[in-house]
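These notes concern the structure reproduced below.
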Amino acid sequence: APDPQKLLLGLPSDSAIILRHPDTKALLRLAHDTLPLAKRLGHRVLIASDPFVALKVGADGVHLPEALINRKPSINWARIHPRWIITASAHKSKAVRRAQFAGADAIILSPVLTTASHPEARPLCFLRFSKLCRASKVAIYALGGISQYNIPRLKGSSCAGIAGIRVFLDD
């Protein structure tokens, strides 16, 4: 999101925000700028891909991209910092299993539907998404193409909630 602070103000209570940036220095600045407001609002902050930054800034946990779990499948990330919240991204059933094995507390499964940010990605659609949610031992959050208009279609899917950017920024 171009303005994480605006995003924080629009989130439902007790939400989490994942901060990511390819440049470590920029990620550190982003975390230092975002953490105080997030904490004041009661939100949790996770750092994507970089447990060292998460430790340094006192984040609530880390978010692991599917590629990182695929590269290091035998690491149980929850043992590195037992109090952390560990989330992982997944795009298919094999990745969901790997995320569970890696000790993830929650999985962000995407894309549920066609999404503008990744138009080339093949969507899971509601039926396959629901099937993966029901089979998982870990909480799954829906990402990709989720809007205020189709959130009701997730009812009965066994998903734990939703993830996104536009869905929280749109009026």
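Scheme for the structure tokens: letters A, B, ... for chains in order shown; per-chain residue numbers from 1; ligand numbers from 1 in order shown.
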
Would you give me, as a Markdown table, each residue of segment 79-169 of chain A having an atom within 9 Å of an atom of segment 4-20 of chain A, along with its shortest atom pair and that distance in Å to one decimal, using only C-alpha atoms and sorting by chain and residue number?
| residue | atom | partner | partner_atom | distance |
| --- | --- | --- | --- | --- |
| A:Ile165 | CA | A:Leu7 | CA | 7.8 |
| A:Phe168 | CA | A:Gly10 | CA | 6.4 |
| A:Leu169 | CA | A:Leu7 | CA | 6.3 |

Write a file of the just-selected residues containing all heavy atoms, as a PDB file, in the first residue's frame.
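Dumped everything to selection35.pdb:
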ATOM      1  N   ILE A 165      -5.229  -5.667   0.108  1.00  0.00           N
ATOM      2  CA  ILE A 165      -4.918  -4.241   0.226  1.00  0.00           C
ATOM      3  C   ILE A 165      -6.134  -3.450  -0.225  1.00  0.00           C
ATOM      4  O   ILE A 165      -6.733  -2.712   0.548  1.00  0.00           O
ATOM      5  CB  ILE A 165      -3.670  -3.852  -0.601  1.00  0.00           C
ATOM      6  CG1 ILE A 165      -2.437  -4.572  -0.052  1.00  0.00           C
ATOM      7  CG2 ILE A 165      -3.448  -2.342  -0.556  1.00  0.00           C
ATOM      8  CD1 ILE A 165      -1.194  -4.390  -0.881  1.00  0.00           C
ATOM      9  N   PHE A 168      -9.392  -3.216   1.756  1.00  0.00           N
ATOM     10  CA  PHE A 168      -9.386  -2.384   2.957  1.00  0.00           C
ATOM     11  C   PHE A 168      -9.237  -0.901   2.654  1.00  0.00           C
ATOM     12  O   PHE A 168      -9.476  -0.077   3.515  1.00  0.00           O
ATOM     13  CB  PHE A 168      -8.275  -2.843   3.908  1.00  0.00           C
ATOM     14  CG  PHE A 168      -8.490  -4.231   4.421  1.00  0.00           C
ATOM     15  CD1 PHE A 168      -7.704  -5.284   3.979  1.00  0.00           C
ATOM     16  CD2 PHE A 168      -9.505  -4.506   5.326  1.00  0.00           C
ATOM     17  CE1 PHE A 168      -7.916  -6.575   4.441  1.00  0.00           C
ATOM     18  CE2 PHE A 168      -9.728  -5.793   5.790  1.00  0.00           C
ATOM     19  CZ  PHE A 168      -8.925  -6.831   5.344  1.00  0.00           C
ATOM     20  N   LEU A 169      -8.815  -0.562   1.441  1.00  0.00           N
ATOM     21  CA  LEU A 169      -8.655   0.837   1.075  1.00  0.00           C
ATOM     22  C   LEU A 169      -9.860   1.395   0.330  1.00  0.00           C
ATOM     23  O   LEU A 169     -10.108   2.584   0.369  1.00  0.00           O
ATOM     24  CB  LEU A 169      -7.406   1.022   0.210  1.00  0.00           C
ATOM     25  CG  LEU A 169      -6.070   0.855   0.919  1.00  0.00           C
ATOM     26  CD1 LEU A 169      -4.938   0.979  -0.082  1.00  0.00           C
ATOM     27  CD2 LEU A 169      -5.913   1.871   2.033  1.00  0.00           C
TER      28      LEU A 169
END

Which of segment 5-54 of chain A end up as alpha helix (DSSP H) when DSSP is run on this backbone - answer as a list in words?
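DSSP-assigned alpha helix (DSSP H) residues in segment 5-54 of chain A: Gln5, Lys6, Leu7, Leu8, Leu9, Gly10, Thr24, Lys25, Ala26, Leu27, Leu28, Arg29, Leu30, Ala31, His32, Asp33, Thr34, Leu35, Pro36, Leu37, Ala38, Lys39, Arg40, Leu41, Pro51, Phe52, Val53 and Ala54 of chain A.
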
Output N, CA, C and O atoms of each residue in that selection to a file, as a short mmCIF file (atom, residue, chain, number, x, y, z; two decimals), in the first residue's frame.
data_model
loop_
_atom_site.label_atom_id
_atom_site.label_comp_id
_atom_site.auth_asym_id
_atom_site.auth_seq_id
_atom_site.Cartn_x
_atom_site.Cartn_y
_atom_site.Cartn_z
N GLN A 5 -0.01 3.75 6.83
CA GLN A 5 -0.70 4.33 7.98
C GLN A 5 -2.19 4.51 7.68
O GLN A 5 -3.03 4.27 8.53
N LYS A 6 -2.52 4.91 6.45
CA LYS A 6 -3.92 5.01 6.06
C LYS A 6 -4.57 3.64 6.10
O LYS A 6 -5.70 3.48 6.55
N LEU A 7 -3.85 2.64 5.64
CA LEU A 7 -4.35 1.27 5.67
C LEU A 7 -4.62 0.84 7.10
O LEU A 7 -5.68 0.27 7.40
N LEU A 8 -3.70 1.11 8.01
CA LEU A 8 -3.88 0.74 9.42
C LEU A 8 -5.14 1.35 10.01
O LEU A 8 -5.86 0.69 10.77
N LEU A 9 -5.42 2.59 9.67
CA LEU A 9 -6.59 3.27 10.22
C LEU A 9 -7.89 2.66 9.74
O LEU A 9 -8.92 2.77 10.41
N GLY A 10 -7.88 1.99 8.60
CA GLY A 10 -9.09 1.40 8.05
C GLY A 10 -9.27 -0.08 8.36
O GLY A 10 -10.28 -0.67 7.99
N THR A 24 16.42 -3.85 2.43
CA THR A 24 16.40 -4.02 3.88
C THR A 24 16.34 -2.69 4.61
O THR A 24 15.59 -2.54 5.59
N LYS A 25 17.10 -1.69 4.17
CA LYS A 25 17.07 -0.38 4.84
C LYS A 25 15.69 0.25 4.73
O LYS A 25 15.17 0.83 5.69
N ALA A 26 15.09 0.15 3.56
CA ALA A 26 13.74 0.70 3.38
C ALA A 26 12.72 -0.06 4.23
O ALA A 26 11.80 0.53 4.80
N LEU A 27 12.91 -1.38 4.36
CA LEU A 27 12.02 -2.18 5.19
C LEU A 27 12.14 -1.77 6.66
O LEU A 27 11.14 -1.65 7.37
N LEU A 28 13.36 -1.53 7.10
CA LEU A 28 13.58 -1.06 8.48
C LEU A 28 12.88 0.28 8.72
O LEU A 28 12.22 0.47 9.74
N ARG A 29 13.03 1.21 7.77
CA ARG A 29 12.36 2.52 7.90
C ARG A 29 10.85 2.36 7.93
O ARG A 29 10.16 2.97 8.75
N LEU A 30 10.34 1.53 7.05
CA LEU A 30 8.91 1.28 6.98
C LEU A 30 8.40 0.70 8.31
O LEU A 30 7.37 1.14 8.83
N ALA A 31 9.14 -0.24 8.85
CA ALA A 31 8.75 -0.84 10.13
C ALA A 31 8.78 0.19 11.26
O ALA A 31 7.84 0.26 12.06
N HIS A 32 9.84 0.98 11.33
CA HIS A 32 9.94 2.00 12.38
C HIS A 32 8.83 3.04 12.26
O HIS A 32 8.33 3.54 13.27
N ASP A 33 8.42 3.36 11.03
CA ASP A 33 7.35 4.33 10.81
C ASP A 33 5.97 3.75 11.11
O ASP A 33 5.06 4.48 11.49
N THR A 34 5.81 2.46 10.92
CA THR A 34 4.49 1.83 11.01
C THR A 34 4.19 1.23 12.38
O THR A 34 3.05 1.27 12.85
N LEU A 35 5.19 0.65 13.02
CA LEU A 35 4.98 -0.07 14.28
C LEU A 35 4.28 0.75 15.37
O LEU A 35 3.34 0.23 15.99
N PRO A 36 4.67 1.99 15.65
CA PRO A 36 4.01 2.71 16.75
C PRO A 36 2.50 2.87 16.57
O PRO A 36 1.73 2.60 17.50
N LEU A 37 2.06 3.24 15.37
CA LEU A 37 0.63 3.39 15.13
C LEU A 37 -0.08 2.04 15.18
O LEU A 37 -1.16 1.92 15.76
N ALA A 38 0.53 1.03 14.60
CA ALA A 38 -0.08 -0.31 14.62
C ALA A 38 -0.29 -0.77 16.05
O ALA A 38 -1.37 -1.28 16.39
N LYS A 39 0.71 -0.61 16.88
CA LYS A 39 0.61 -1.04 18.28
C LYS A 39 -0.47 -0.23 19.01
O LYS A 39 -1.24 -0.78 19.79
N ARG A 40 -0.49 1.08 18.78
CA ARG A 40 -1.48 1.94 19.41
C ARG A 40 -2.91 1.52 19.04
O ARG A 40 -3.83 1.60 19.85
N LEU A 41 -3.08 1.06 17.80
CA LEU A 41 -4.41 0.63 17.33
C LEU A 41 -4.72 -0.82 17.67
O LEU A 41 -5.80 -1.31 17.39
N PRO A 51 13.50 -12.57 8.98
CA PRO A 51 13.41 -12.71 10.43
C PRO A 51 14.38 -11.81 11.20
O PRO A 51 14.09 -11.42 12.32
N PHE A 52 15.49 -11.44 10.57
CA PHE A 52 16.44 -10.55 11.26
C PHE A 52 15.86 -9.16 11.45
O PHE A 52 16.00 -8.56 12.51
N VAL A 53 15.17 -8.64 10.44
CA VAL A 53 14.49 -7.35 10.57
C VAL A 53 13.38 -7.47 11.60
O VAL A 53 13.20 -6.58 12.45
N ALA A 54 12.63 -8.56 11.57
CA ALA A 54 11.54 -8.76 12.54
C ALA A 54 12.08 -8.72 13.97
O ALA A 54 11.48 -8.09 14.85
#

Residues near segment 57-61 of chain A, anyone? I mean within 7 Å using only C-alpha atoms, not counting same-chain ones fewer than 5 positions away, as number ranges by chain.
A: 31-32, 44-47, 84-86

Where in segment 25-171 of chain A does DSSP assign strand (DSSP E), given as a list in words?
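Written out, the strand (DSSP E) residues of segment 25-171 of chain A are Arg44, Val45, Leu46, Ile47, Ala48, Gly61, Val62, His63, Leu64, Ile85, Ile86, Thr87, Ala88, Ser89, Ala90, Ala106, Ile107, Ile108, Leu109, Ala139, Ile140, Tyr141, Ala142, Gly161 and Ile162 of chain A.
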
Could the residues of segment 103-165 of chain A that have an atom at most 10 Å from segment 67-83 of chain A be listed as a tab-separated table, each with its closest atom pair and the distance in Å to one decimal, counting only C-alpha atoms and ordered by chain and ascending residue number?
residue	atom	partner	partner_atom	distance
A:Gly103	CA	A:Ala78	CA	5.3
A:Ala104	CA	A:Ala78	CA	7.0
A:Asp105	CA	A:Ala78	CA	8.4

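Minimum distance to Leu64 of chain A across A:Ile107, A:Cys159, A:Lys92, A:Asn150 (counting only C-alpha atoms) occurs at A:Ile107.
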
I'd like the contact shell of Arg166 of chain A - 12 Å cut-off, only C-alpha atoms, skipping same-chain residues fewer than 4 positions apart - returned as a PyMOL selection string.
chain A and resi 1-4+6-7+10-11+115-117+143-148+162+170-171

Written file, previous selection with N, CA and C atoms, as a PDB file, in the first residue's frame:
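Contents of result_34.pdb, as written:
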ATOM      1  N   ALA A   1       0.851  -1.180   0.000  1.00  0.00           N
ATOM      2  CA  ALA A   1       0.000   0.000   0.000  1.00  0.00           C
ATOM      3  C   ALA A   1       0.887   1.229   0.000  1.00  0.00           C
ATOM      4  N   PRO A   2       0.534   2.236  -0.762  1.00  0.00           N
ATOM      5  CA  PRO A   2       1.361   3.440  -0.804  1.00  0.00           C
ATOM      6  C   PRO A   2       1.452   4.139   0.551  1.00  0.00           C
ATOM      7  N   ASP A   3       0.392   4.047   1.358  1.00  0.00           N
ATOM      8  CA  ASP A   3       0.385   4.683   2.669  1.00  0.00           C
ATOM      9  C   ASP A   3      -0.078   3.679   3.722  1.00  0.00           C
ATOM     10  N   PRO A   4       0.866   2.917   4.318  1.00  0.00           N
ATOM     11  CA  PRO A   4       0.486   1.909   5.301  1.00  0.00           C
ATOM     12  C   PRO A   4      -0.274   2.484   6.498  1.00  0.00           C
ATOM     13  N   LYS A   6      -2.517   4.912   6.446  1.00  0.00           N
ATOM     14  CA  LYS A   6      -3.921   5.013   6.056  1.00  0.00           C
ATOM     15  C   LYS A   6      -4.572   3.636   6.098  1.00  0.00           C
ATOM     16  N   LEU A   7      -3.845   2.644   5.637  1.00  0.00           N
ATOM     17  CA  LEU A   7      -4.350   1.275   5.667  1.00  0.00           C
ATOM     18  C   LEU A   7      -4.624   0.836   7.097  1.00  0.00           C
ATOM     19  N   GLY A  10      -7.879   1.988   8.595  1.00  0.00           N
ATOM     20  CA  GLY A  10      -9.090   1.396   8.053  1.00  0.00           C
ATOM     21  C   GLY A  10      -9.274  -0.075   8.364  1.00  0.00           C
ATOM     22  N   LEU A  11      -8.324  -0.677   9.055  1.00  0.00           N
ATOM     23  CA  LEU A  11      -8.414  -2.117   9.340  1.00  0.00           C
ATOM     24  C   LEU A  11      -9.376  -2.396  10.493  1.00  0.00           C
ATOM     25  N   THR A 115      -7.216 -11.412 -10.096  1.00  0.00           N
ATOM     26  CA  THR A 115      -6.825 -10.194  -9.402  1.00  0.00           C
ATOM     27  C   THR A 115      -6.019  -9.286 -10.327  1.00  0.00           C
ATOM     28  N   ALA A 116      -6.217  -7.988 -10.168  1.00  0.00           N
ATOM     29  CA  ALA A 116      -5.519  -7.005 -10.997  1.00  0.00           C
ATOM     30  C   ALA A 116      -4.014  -7.012 -10.736  1.00  0.00           C
ATOM     31  N   SER A 117      -3.597  -7.345  -9.505  1.00  0.00           N
ATOM     32  CA  SER A 117      -2.165  -7.300  -9.191  1.00  0.00           C
ATOM     33  C   SER A 117      -1.384  -8.451  -9.823  1.00  0.00           C
ATOM     34  N   LEU A 143      -6.988 -14.469  -0.213  1.00  0.00           N
ATOM     35  CA  LEU A 143      -6.340 -13.313  -0.842  1.00  0.00           C
ATOM     36  C   LEU A 143      -6.520 -13.425  -2.351  1.00  0.00           C
ATOM     37  N   GLY A 144      -6.712 -12.291  -2.976  1.00  0.00           N
ATOM     38  CA  GLY A 144      -6.756 -12.249  -4.435  1.00  0.00           C
ATOM     39  C   GLY A 144      -8.160 -12.137  -4.967  1.00  0.00           C
ATOM     40  N   GLY A 145      -8.506 -10.940  -5.439  1.00  0.00           N
ATOM     41  CA  GLY A 145      -9.815 -10.717  -6.026  1.00  0.00           C
ATOM     42  C   GLY A 145     -10.933 -10.577  -5.009  1.00  0.00           C
ATOM     43  N   ILE A 146     -10.587 -10.507  -3.736  1.00  0.00           N
ATOM     44  CA  ILE A 146     -11.604 -10.395  -2.695  1.00  0.00           C
ATOM     45  C   ILE A 146     -12.079  -8.939  -2.620  1.00  0.00           C
ATOM     46  N   SER A 147     -13.399  -8.776  -2.588  1.00  0.00           N
ATOM     47  CA  SER A 147     -13.991  -7.440  -2.489  1.00  0.00           C
ATOM     48  C   SER A 147     -15.168  -7.494  -1.526  1.00  0.00           C
ATOM     49  N   GLN A 148     -15.663  -6.343  -1.179  1.00  0.00           N
ATOM     50  CA  GLN A 148     -16.813  -6.308  -0.269  1.00  0.00           C
ATOM     51  C   GLN A 148     -18.026  -7.019  -0.874  1.00  0.00           C
ATOM     52  N   ILE A 162      -9.909 -12.781   5.692  1.00  0.00           N
ATOM     53  CA  ILE A 162      -9.444 -12.292   4.401  1.00  0.00           C
ATOM     54  C   ILE A 162      -8.158 -11.491   4.557  1.00  0.00           C
ATOM     55  N   ASP A 170     -10.596   0.514  -0.357  1.00  0.00           N
ATOM     56  CA  ASP A 170     -11.742   0.977  -1.125  1.00  0.00           C
ATOM     57  C   ASP A 170     -12.824   1.499  -0.196  1.00  0.00           C
ATOM     58  N   ASP A 171     -13.460   2.569  -0.635  1.00  0.00           N
ATOM     59  CA  ASP A 171     -14.564   3.127   0.148  1.00  0.00           C
ATOM     60  C   ASP A 171     -15.801   2.289  -0.092  1.00  0.00           C
TER      61      ASP A 171
END

For Asp23 of chain A, which residue out of A:Asp50, A:Ile151, A:Pro123, A:His43 is the nearest one, using only C-alpha atoms?
A:Asp50

What does the distance between atom CA of Thr87 of chain A and atom CA of Ala106 of chain A come to in Å, to one decimal place?
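A separation of 4.8 Å between them.
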